[in-house]
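Engineer: mmCIF, C-alpha atoms and all ligand atoms, file work-v4.cif:
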```cif
data_protein
#
loop_
_atom_site.label_atom_id
_atom_site.label_comp_id
_atom_site.auth_asym_id
_atom_site.auth_seq_id
_atom_site.Cartn_x
_atom_site.Cartn_y
_atom_site.Cartn_z
CA MET A 242 25.07 -0.27 -31.45
CA SER A 243 23.29 -3.13 -33.08
CA THR A 244 20.79 -4.18 -30.43
CA PRO A 245 17.60 -2.45 -29.24
CA VAL A 246 18.26 -0.06 -26.33
CA PRO A 247 15.64 0.60 -23.64
CA GLN A 248 14.72 4.10 -22.54
CA PRO A 249 17.00 5.81 -19.99
CA GLY A 250 16.47 4.73 -16.39
CA ILE A 251 14.95 1.34 -17.08
CA LEU A 252 18.15 -0.61 -16.42
CA ASN A 253 18.49 1.23 -13.08
CA ILE A 254 15.41 -0.56 -11.78
CA ASN A 255 15.87 -3.11 -9.01
CA PRO A 256 12.86 -5.29 -9.83
CA TYR A 257 10.18 -5.48 -7.13
CA VAL A 258 10.33 -8.74 -5.21
CA GLY A 259 6.99 -9.76 -3.73
CA GLY A 260 6.62 -11.44 -0.34
CA LYS A 261 7.58 -15.12 -0.34
CA ALA A 262 4.65 -17.47 -0.82
CA SER A 263 6.11 -20.96 -0.40
CA ALA A 264 8.70 -22.95 1.50
CA GLU A 265 10.96 -25.77 0.35
CA GLY A 266 9.27 -29.12 -0.08
CA GLY A 267 5.89 -27.53 -0.80
CA ARG A 268 4.90 -27.61 2.90
CA LYS A 269 1.91 -25.61 4.10
CA VAL A 270 3.05 -22.16 5.10
CA ALA A 271 1.80 -19.10 6.90
CA LYS A 272 2.25 -16.33 4.35
CA LEU A 273 2.73 -13.21 6.44
CA SER A 274 4.88 -11.40 3.92
CA ALA A 275 2.50 -9.35 1.75
CA ASN A 276 0.01 -7.64 4.12
CA GLU A 277 -2.88 -9.69 2.77
CA SER A 278 -6.05 -10.13 4.81
CA PRO A 279 -6.14 -13.25 7.01
CA LEU A 280 -9.94 -13.23 6.65
CA GLY A 281 -9.83 -13.38 2.85
CA PRO A 282 -12.41 -11.65 0.68
CA SER A 283 -16.09 -11.08 1.39
CA PRO A 284 -18.16 -14.18 0.52
CA LYS A 285 -20.25 -11.82 -1.61
CA ALA A 286 -17.19 -10.98 -3.72
CA ILE A 287 -16.52 -14.69 -4.28
CA GLU A 288 -20.13 -15.21 -5.33
CA ALA A 289 -19.95 -12.28 -7.77
CA VAL A 290 -16.80 -13.68 -9.37
CA GLU A 291 -18.34 -17.15 -9.69
CA LYS A 292 -21.29 -15.72 -11.57
CA THR A 293 -19.18 -13.55 -13.86
CA VAL A 294 -16.73 -16.31 -14.77
CA GLN A 295 -19.36 -17.60 -17.23
CA ASP A 296 -18.98 -14.40 -19.23
CA MET A 297 -15.24 -14.22 -19.45
CA HIS A 298 -15.27 -14.29 -23.22
CA ARG A 299 -16.64 -10.71 -23.03
CA TYR A 300 -14.47 -7.63 -22.72
CA PRO A 301 -14.90 -5.79 -19.42
CA ASP A 302 -16.56 -2.39 -19.07
CA GLY A 303 -13.58 -0.19 -19.96
CA GLY A 304 -14.77 2.64 -17.74
CA ALA A 305 -15.51 0.38 -14.73
CA GLU A 306 -18.70 2.38 -14.31
CA ASP A 307 -20.51 0.16 -11.80
CA LEU A 308 -17.46 0.03 -9.60
CA THR A 309 -16.86 3.76 -9.84
CA ALA A 310 -20.49 4.38 -8.87
CA ALA A 311 -20.30 1.94 -5.95
CA ILE A 312 -17.10 3.52 -4.60
CA ALA A 313 -18.59 6.99 -4.93
CA GLU A 314 -21.75 5.94 -3.13
CA VAL A 315 -20.15 4.03 -0.27
CA HIS A 316 -17.45 6.65 0.38
CA GLY A 317 -19.58 9.72 -0.38
CA LEU A 318 -17.26 10.83 -3.20
CA GLU A 319 -17.67 12.43 -6.64
CA ALA A 320 -17.70 9.73 -9.34
CA ASP A 321 -16.03 11.82 -12.05
CA ARG A 322 -12.91 12.14 -9.92
CA ILE A 323 -12.45 8.37 -9.56
CA ILE A 324 -10.25 6.27 -11.82
CA CYS A 325 -9.95 2.51 -11.34
CA GLY A 326 -6.66 0.74 -11.95
CA ASN A 327 -5.08 -2.68 -12.20
CA GLY A 328 -4.08 -2.39 -8.54
CA SER A 329 -3.21 0.98 -7.11
CA ASP A 330 0.26 0.23 -8.47
CA GLU A 331 -1.15 1.06 -11.88
CA ILE A 332 -2.46 4.42 -10.67
CA ILE A 333 1.01 5.19 -9.26
CA SER A 334 2.60 4.25 -12.55
CA LEU A 335 0.07 6.23 -14.63
CA LEU A 336 0.65 9.34 -12.52
CA ILE A 337 4.39 9.05 -13.05
CA SER A 338 4.08 8.40 -16.80
CA ALA A 339 1.83 11.42 -17.12
CA TYR A 340 3.77 13.94 -15.04
CA VAL A 341 7.42 12.81 -14.86
CA GLY A 342 10.03 12.87 -17.64
CA VAL A 343 13.78 12.49 -17.98
CA GLY A 344 15.58 14.52 -15.30
CA ASP A 345 12.46 15.20 -13.22
CA GLU A 346 12.43 14.29 -9.55
CA VAL A 347 9.96 12.21 -7.56
CA LEU A 348 10.16 12.66 -3.82
CA TYR A 349 9.10 10.26 -1.04
CA PRO A 350 10.08 9.42 2.55
CA GLU A 351 13.18 7.32 3.22
CA HIS A 352 11.33 4.06 3.92
CA GLY A 353 8.66 4.68 1.29
CA PHE A 354 6.95 2.09 -0.92
CA LEU A 355 9.34 0.61 -3.50
CA MET A 356 6.98 1.13 -6.42
CA TYR A 357 7.68 4.90 -6.26
CA PRO A 358 11.37 4.61 -7.26
CA ILE A 359 10.66 1.73 -9.64
CA SER A 360 8.04 3.62 -11.67
CA THR A 361 10.16 6.78 -11.51
CA HIS A 362 13.18 5.02 -13.05
CA ALA A 363 10.88 3.55 -15.71
CA ALA A 364 9.99 7.11 -16.75
CA GLY A 365 13.62 8.26 -16.76
CA GLY A 366 13.06 10.34 -13.64
CA THR A 367 15.17 10.60 -10.52
CA PRO A 368 13.85 9.15 -7.23
CA VAL A 369 14.71 11.29 -4.19
CA ALA A 370 14.24 9.95 -0.65
CA ALA A 371 13.92 12.35 2.30
CA ALA A 372 15.06 11.29 5.78
CA GLU A 373 12.45 10.11 8.28
CA THR A 374 12.45 10.75 12.02
CA ASN A 375 11.80 7.74 14.27
CA ARG A 376 10.69 5.73 11.23
CA THR A 377 7.97 8.29 10.62
CA THR A 378 7.47 10.61 7.67
CA ASP A 379 9.02 14.01 8.39
CA VAL A 380 7.22 16.93 6.73
CA ASN A 381 10.17 19.26 7.28
CA THR A 382 12.75 17.06 5.53
CA LEU A 383 10.31 16.44 2.67
CA LEU A 384 9.69 20.14 2.13
CA ALA A 385 13.42 20.87 2.36
CA ALA A 386 14.08 18.27 -0.37
CA VAL A 387 11.73 19.85 -2.93
CA THR A 388 13.63 21.32 -5.89
CA GLU A 389 12.68 23.01 -9.17
CA ARG A 390 12.68 19.55 -10.75
CA THR A 391 10.28 17.97 -8.23
CA LYS A 392 7.11 16.82 -10.00
CA ILE A 393 5.45 14.42 -7.55
CA LEU A 394 5.67 13.80 -3.81
CA PHE A 395 4.41 10.35 -2.79
CA LEU A 396 3.38 9.70 0.78
CA ALA A 397 1.92 6.42 2.00
CA ASN A 398 -0.21 7.17 5.04
CA PRO A 399 0.00 4.90 6.97
CA ASN A 400 3.38 3.96 5.55
CA ASN A 401 4.47 0.49 4.52
CA PRO A 402 6.74 -1.07 5.88
CA THR A 403 6.98 1.10 9.02
CA GLY A 404 3.26 1.17 9.92
CA THR A 405 3.48 4.74 11.21
CA TYR A 406 1.14 7.52 10.10
CA LEU A 407 0.88 11.30 10.01
CA PRO A 408 -2.08 13.16 11.50
CA PHE A 409 -4.14 15.11 8.98
CA SER A 410 -2.82 18.42 10.33
CA GLU A 411 0.67 17.39 9.18
CA ILE A 412 -0.64 16.42 5.73
CA GLU A 413 -2.27 19.83 5.46
CA ARG A 414 0.96 21.51 6.51
CA LEU A 415 2.85 19.52 3.87
CA ARG A 416 0.42 20.54 1.13
CA ALA A 417 0.49 24.16 2.19
CA GLY A 418 4.29 24.16 1.92
CA LEU A 419 4.35 22.71 -1.61
CA ARG A 420 4.31 24.66 -4.85
CA ASP A 421 0.98 24.36 -6.68
CA ASP A 422 2.65 22.59 -9.61
CA VAL A 423 3.99 19.76 -7.43
CA LEU A 424 1.57 16.86 -7.21
CA LEU A 425 0.99 15.41 -3.73
CA VAL A 426 -0.08 11.76 -3.90
CA LEU A 427 -1.53 10.33 -0.69
CA ASP A 428 -1.27 6.54 -0.90
CA ALA A 429 -3.95 5.34 1.50
CA ALA A 430 -3.59 1.59 0.90
CA TYR A 431 -4.15 0.89 4.62
CA ALA A 432 -6.66 3.66 5.40
CA GLU A 433 -9.45 1.23 6.35
CA TYR A 434 -7.39 -0.08 9.27
CA VAL A 435 -6.90 3.32 10.91
CA MET A 436 -9.44 4.45 13.49
CA ARG A 437 -7.69 7.49 14.93
CA ASP A 438 -9.44 10.80 15.45
CA ASP A 439 -6.56 12.73 13.91
CA TYR A 440 -6.28 10.52 10.80
CA ARG A 441 -7.93 11.14 7.44
CA SER A 442 -7.26 9.42 4.14
CA GLY A 443 -7.22 12.75 2.28
CA ALA A 444 -10.34 12.79 0.05
CA GLU A 445 -11.34 16.26 1.22
CA LEU A 446 -7.90 17.59 0.34
CA VAL A 447 -8.36 16.22 -3.18
CA GLU A 448 -11.64 18.08 -3.48
CA SER A 449 -10.25 21.37 -2.22
CA HIS A 450 -6.94 21.47 -4.16
CA ASP A 451 -5.86 20.92 -7.77
CA ASN A 452 -2.59 19.17 -6.91
CA VAL A 453 -3.64 16.37 -4.54
CA VAL A 454 -4.47 12.76 -5.49
CA MET A 455 -5.43 9.89 -3.17
CA THR A 456 -4.90 6.23 -4.09
CA ARG A 457 -6.73 3.27 -2.59
CA THR A 458 -6.64 -0.49 -3.03
CA PHE A 459 -8.80 -3.60 -2.78
CA SER A 460 -5.67 -5.69 -2.14
CA LYS A 461 -5.36 -5.17 1.58
CA ILE A 462 -8.39 -5.09 3.93
CA TYR A 463 -10.74 -6.21 1.11
CA GLY A 464 -8.67 -9.31 0.41
CA LEU A 465 -8.74 -9.09 -3.40
CA SER A 466 -4.96 -8.94 -4.07
CA ALA A 467 -5.02 -11.61 -6.77
CA LEU A 468 -7.53 -9.71 -8.89
CA ARG A 469 -5.44 -6.51 -9.06
CA ILE A 470 -7.87 -3.69 -8.44
CA GLY A 471 -7.37 -0.24 -6.92
CA TRP A 472 -8.46 3.31 -7.58
CA GLY A 473 -7.42 6.92 -7.46
CA TYR A 474 -9.36 10.02 -6.37
CA CYS A 475 -8.20 13.00 -8.40
CA PRO A 476 -8.85 16.58 -9.39
CA PRO A 477 -11.03 16.30 -12.57
CA GLU A 478 -8.19 17.53 -14.84
CA ILE A 479 -5.87 14.83 -13.52
CA ALA A 480 -8.54 12.11 -13.83
CA ASP A 481 -8.95 13.21 -17.45
CA VAL A 482 -5.20 12.92 -18.09
CA LEU A 483 -5.00 9.44 -16.54
CA HIS A 484 -8.03 8.20 -18.51
CA ARG A 485 -6.29 9.28 -21.73
CA ILE A 486 -3.18 7.18 -21.06
CA ARG A 487 -4.63 4.11 -19.35
CA GLY A 488 -5.29 0.96 -21.33
CA PRO A 489 -8.85 0.88 -22.65
CA PHE A 490 -9.63 -2.24 -20.54
CA ASN A 491 -7.17 -1.72 -17.71
CA THR A 492 -9.33 -3.39 -15.04
CA ASN A 493 -10.77 -6.84 -15.66
CA ALA A 494 -14.39 -7.92 -15.34
CA LEU A 495 -13.87 -10.34 -12.43
CA ALA A 496 -12.04 -7.68 -10.44
CA GLN A 497 -14.77 -5.15 -11.13
CA VAL A 498 -17.66 -7.31 -9.90
CA ALA A 499 -15.69 -8.55 -6.91
CA ALA A 500 -14.80 -5.01 -5.89
CA VAL A 501 -18.40 -3.81 -6.22
CA ALA A 502 -19.56 -6.61 -3.90
CA ALA A 503 -16.63 -6.03 -1.55
CA VAL A 504 -17.06 -2.29 -1.15
CA ARG A 505 -20.77 -2.82 -0.45
CA ASP A 506 -19.97 -5.36 2.27
CA GLN A 507 -18.63 -3.05 4.96
CA ASP A 508 -19.56 -5.63 7.64
CA HIS A 509 -16.76 -7.78 6.29
CA VAL A 510 -14.39 -4.81 6.44
CA ASP A 511 -15.41 -4.23 10.07
CA LYS A 512 -14.64 -7.87 10.89
CA ALA A 513 -11.20 -7.63 9.31
CA ARG A 514 -10.49 -4.41 11.20
CA ALA A 515 -11.67 -5.91 14.50
CA HIS A 516 -9.36 -8.91 14.03
CA ASN A 517 -6.48 -6.54 13.33
CA ASP A 518 -7.31 -4.32 16.32
CA LYS A 519 -7.30 -7.36 18.56
CA TRP A 520 -3.90 -8.60 17.40
CA LEU A 521 -1.84 -5.42 16.95
CA PRO A 522 -1.42 -4.82 20.71
CA ILE A 523 -1.01 -8.52 21.58
CA LEU A 524 1.81 -8.98 19.06
CA THR A 525 3.40 -5.60 19.78
CA GLN A 526 3.58 -6.33 23.50
CA GLY A 527 4.54 -9.95 22.96
CA PHE A 528 7.55 -9.07 20.80
CA ARG A 529 8.56 -6.19 23.05
CA GLY A 530 8.52 -8.62 25.97
CA MET A 531 11.23 -10.58 24.13
CA GLY A 532 13.39 -7.47 23.91
CA LEU A 533 12.57 -6.72 20.27
CA GLU A 534 11.96 -3.16 19.17
CA ILE A 535 8.55 -2.75 17.54
CA THR A 536 7.62 0.41 15.62
CA PRO A 537 4.10 1.50 16.69
CA SER A 538 1.88 0.44 13.77
CA VAL A 539 -1.64 1.41 12.72
CA GLY A 540 -1.56 -0.92 9.71
CA ASN A 541 -2.10 -4.68 9.36
CA PHE A 542 1.59 -5.40 9.85
CA LEU A 543 4.43 -4.85 12.30
CA LEU A 544 8.05 -3.89 11.79
CA ILE A 545 10.17 -6.07 14.07
CA ASP A 546 13.73 -4.84 14.71
CA PHE A 547 16.31 -7.45 15.70
CA ALA A 548 19.09 -4.91 16.40
CA GLY A 549 20.11 -5.43 20.01
CA SER A 550 18.56 -8.93 20.21
CA GLY A 551 21.89 -10.67 19.65
CA LYS A 552 20.55 -12.10 16.36
CA THR A 553 20.22 -10.69 12.87
CA ALA A 554 17.04 -10.31 10.85
CA ALA A 555 18.50 -12.70 8.28
CA GLU A 556 19.01 -15.38 10.96
CA ALA A 557 15.46 -14.85 12.22
CA GLU A 558 14.07 -15.05 8.70
CA LYS A 559 15.89 -18.31 8.07
CA TYR A 560 14.65 -19.80 11.34
CA LEU A 561 11.04 -18.75 10.76
CA THR A 562 11.05 -19.88 7.14
CA GLY A 563 12.23 -23.30 8.32
CA LEU A 564 9.01 -23.49 10.34
CA GLY A 565 6.88 -22.37 7.39
CA LEU A 566 6.42 -18.88 8.82
CA LEU A 567 7.08 -16.42 5.98
CA LEU A 568 7.81 -12.85 7.04
CA ARG A 569 9.15 -10.09 4.81
CA ALA A 570 12.80 -9.05 4.73
CA VAL A 571 12.89 -5.28 4.28
CA ALA A 572 16.56 -4.52 3.57
CA GLY A 573 15.36 -3.16 0.22
CA TYR A 574 13.51 -0.49 2.19
CA GLY A 575 16.67 0.52 4.03
CA LEU A 576 15.77 -1.55 7.10
CA PRO A 577 18.30 -4.43 7.12
CA SER A 578 17.88 -5.22 10.83
CA CYS A 579 14.10 -5.68 10.54
CA LEU A 580 11.47 -8.11 9.34
CA ARG A 581 7.91 -7.12 8.57
CA MET A 582 5.13 -9.40 9.77
CA SER A 583 1.59 -9.15 8.41
CA ILE A 584 -1.09 -9.86 11.02
CA GLY A 585 -2.26 -13.40 10.31
CA THR A 586 -4.93 -15.75 11.62
CA ASP A 587 -5.04 -16.52 15.35
CA ASP A 588 -3.04 -19.72 14.82
CA GLU A 589 -0.45 -18.04 12.61
CA ASN A 590 0.10 -15.20 15.08
CA HIS A 591 0.50 -17.61 18.01
CA ALA A 592 2.93 -19.65 15.93
CA VAL A 593 5.16 -16.61 15.27
CA LEU A 594 5.10 -15.60 18.95
CA ASP A 595 6.09 -19.12 20.00
CA ALA A 596 8.74 -19.42 17.31
CA LEU A 597 10.46 -16.13 18.11
CA ARG A 598 10.38 -16.86 21.83
CA ALA A 599 12.18 -20.16 21.13
CA PHE A 600 14.56 -18.55 18.62
CA LEU A 601 15.59 -15.84 21.08
CA ASP A 602 15.55 -18.29 23.96
CA LYS A 603 13.17 -16.10 26.02
C1 LIG B 701 0.12 -2.87 -0.97
C2 LIG B 701 0.38 -1.43 -1.24
C3 LIG B 701 -0.17 -0.80 -2.36
C4 LIG B 701 -1.14 -1.47 -3.25
O1 LIG B 701 -0.94 -2.25 -4.12
P1 LIG B 701 -1.95 -2.79 -5.21
O2 LIG B 701 -1.26 -2.50 -6.49
O3 LIG B 701 -3.24 -2.02 -5.11
O4 LIG B 701 -2.10 -4.22 -4.89
C5 LIG B 701 0.06 0.53 -2.56
N1 LIG B 701 0.80 1.24 -1.71
C6 LIG B 701 1.32 0.68 -0.61
C7 LIG B 701 2.08 1.53 0.32
C8 LIG B 701 1.13 -0.67 -0.35
O5 LIG B 701 1.68 -1.23 0.72
#
```
The structure in this file should be written as structure tokens.
Ligand SMILES: *Cc1c(COP(=O)(O)O)cnc(C)c1O

Structural biologist:
Amino acid sequence: MSTPVPQPGILNINPYVGGKASAEGGRKVAKLSANESPLGPSPKAIEAVEKTVQDMHRYPDGGAEDLTAAIAEVHGLEADRIICGNGSDEIISLLISAYVGVGDEVLYPEHGFLMYPISTHAAGGTPVAAAETNRTTDVNTLLAAVTERTKILFLANPNNPTGTYLPFSEIERLRAGLRDDVLLVLDAAYAEYVMRDDYRSGAELVESHDNVVMTRTFSKIYGLSALRIGWGYCPPEIADVLHRIRGPFNTNALAQVAAVAAVRDQDHVDKARAHNDKWLPILTQGFRGMGLEITPSVGNFLLIDFAGSGKTAAEAEKYLTGLGLLLRAVAGYGLPSCLRMSIGTDDENHAVLDALRAFLDK
């Protein structure tokens, strides 16, 4: 061997492919492929970034202290358990680097977020997917898949790309069935969208147990995807471990000030949630009326199944893309007959309804 060789597992990675952002010819498109907020960020976040741009020759606050304090205050959490990351993707990756080595297993539901297997391979670990039931996380199959080598169990609640969620009682049952040395990571990227009495993001479980972490993001309802900022809520020992291995300036200054302004502007969050609440049922019923199967979603996106429609998801994607309507193919998530649509603006949503009606000739 005369060339450098990467660590085991790295060449097993199928690189993450983000949602499409453009169409041929540079035409204006409706980007409904990445679960971004159609309302964009809070105007206060934009203002904060504009001010801070002047100072971009300065290193950021490595500990993101203002942001940590703002998150703690707004959510009623303990600041020393919070760690900010370059997107919640970074928190996922830090957890895996810290707790998973060659031969260890990382468990997640069948249609789980692709960053779990990607970061697991990067650490030389083995990703293990447990079957879902009705496109919903199944606590029994997850618990049955735990082995001596299991180090972390990742659970997005609500899950992307299915949009389904587990009630808190099921999360508690899952934790109670896990060994204390298996880390349960509750990925609550879409928590702000869920207004169900039986749903909780999991912060109280973090506070009451040493093996539970919750991750959150500013990329979705807060509309700050471009800045890459998320956070984790951890047992203090785990926060300490992650702080040791993170880069000293892992979150940038513009992201920090934007996120502080955004988390303090809960009126903007309420607006984004209200827009989503208005459209979820309209789109769900609209697509069902065309004979498409729609998985009940509590997120800001819908999983549209073309099986039984007489057309394939690939044909639908091609048709929609031709009209500048960019949805997300989800074959990589084990759902080859489906497309995922993020809830867009009023005009974008009407355009997709009209387009699919014409495509299916309904
Ligand atoms: C979008 C998403 C994330 C967050 O990503 P960021 O790195 O914070 O932008 C995390 N988990 C799930 C399930 C997601 O869909």

Engineer: Would you name the residues within 8 Å of ligand LIG 701 (chain B), counting only C-alpha atoms and all ligand atoms, and put them as a ChimeraX atom specification?

Structural biologist: /A:275-276,327-331,353-354,356,397-402,428-431,456-461,466,469-472

Engineer: Taking (-22.4, -8.1, 3.0) in the file's coordinates as the center, which residues reach within 10 Å of it, counting all atoms listed in the file, put as a PyMOL selection string?

Structural biologist: chain A and resi 283-286+502-510

Engineer: Choose the residue, out of A:Glu433, A:Met455, A:Asn493, A:Leu383, that has the smallest atom-to-atom separation from A:Arg414; count only C-alpha atoms.

Structural biologist: A:Leu383

Engineer: Please list as a VMD selection string every residue within 7 Å of stretch 261-263 of chain A, counting all atoms listed in the file and excluding residues in the same chain fewer than 6 positions away.

Structural biologist: chain A and resid 270 272 274 567

Engineer: Could you give me, as a list in words, the residues within 7 Å of A:Ala264, counting only C-alpha atoms and dropping anything in the same chain fewer than 4 positions from it?

Structural biologist: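 Those residues are Arg268, Val270, Thr562 and Gly565 of chain A.
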
Engineer: Show which residues sit within 9 Å of A:Asn491, as a tab-separated table (two decimals) with C-alpha atoms, keeping the file's coordinate frame. Count all atoms listed in the file, and ignore same-chain residues fewer than 5 positions away.

Structural biologist:
```tsv
chain	number	residue	atom	x	y	z
A	301	PRO	CA	-14.90	-5.79	-19.42
A	303	GLY	CA	-13.58	-0.19	-19.96
A	304	GLY	CA	-14.77	2.64	-17.74
A	325	CYS	CA	-9.95	2.51	-11.34
A	326	GLY	CA	-6.66	0.74	-11.95
A	327	ASN	CA	-5.08	-2.68	-12.20
A	331	GLU	CA	-1.15	1.06	-11.88
```

Engineer: What are the closest atom pairs, with distances in Å to one decimal, for each residue of stretch 272-309 of chain A lying within 8 Å of stretch 584-602 of chain A, using all atoms listed in the file, rows by chain and rising residue number, as CSV?

Structural biologist:
```
residue,atom,partner,partner_atom,distance
A:Leu273,CA,A:Gly585,CA,6.3
A:Asn276,CA,A:Ile584,CA,7.3
A:Ser278,CA,A:Gly585,CA,7.4
A:Pro279,CA,A:Gly585,CA,5.1
A:Leu280,CA,A:Thr586,CA,7.5
```

Engineer: Which neighbours of A:Gly418 fall inside 10 Å, counting only C-alpha atoms, when residues of the same chain fewer than 2 positions from it are skipped, and could you give them as a list in words?

Structural biologist: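 The neighbour list is Val380, Asn381, Leu383, Leu384, Ala385, Val387, Ile412, Glu413, Arg414, Leu415, Arg416, Arg420 and Asp421 of chain A.
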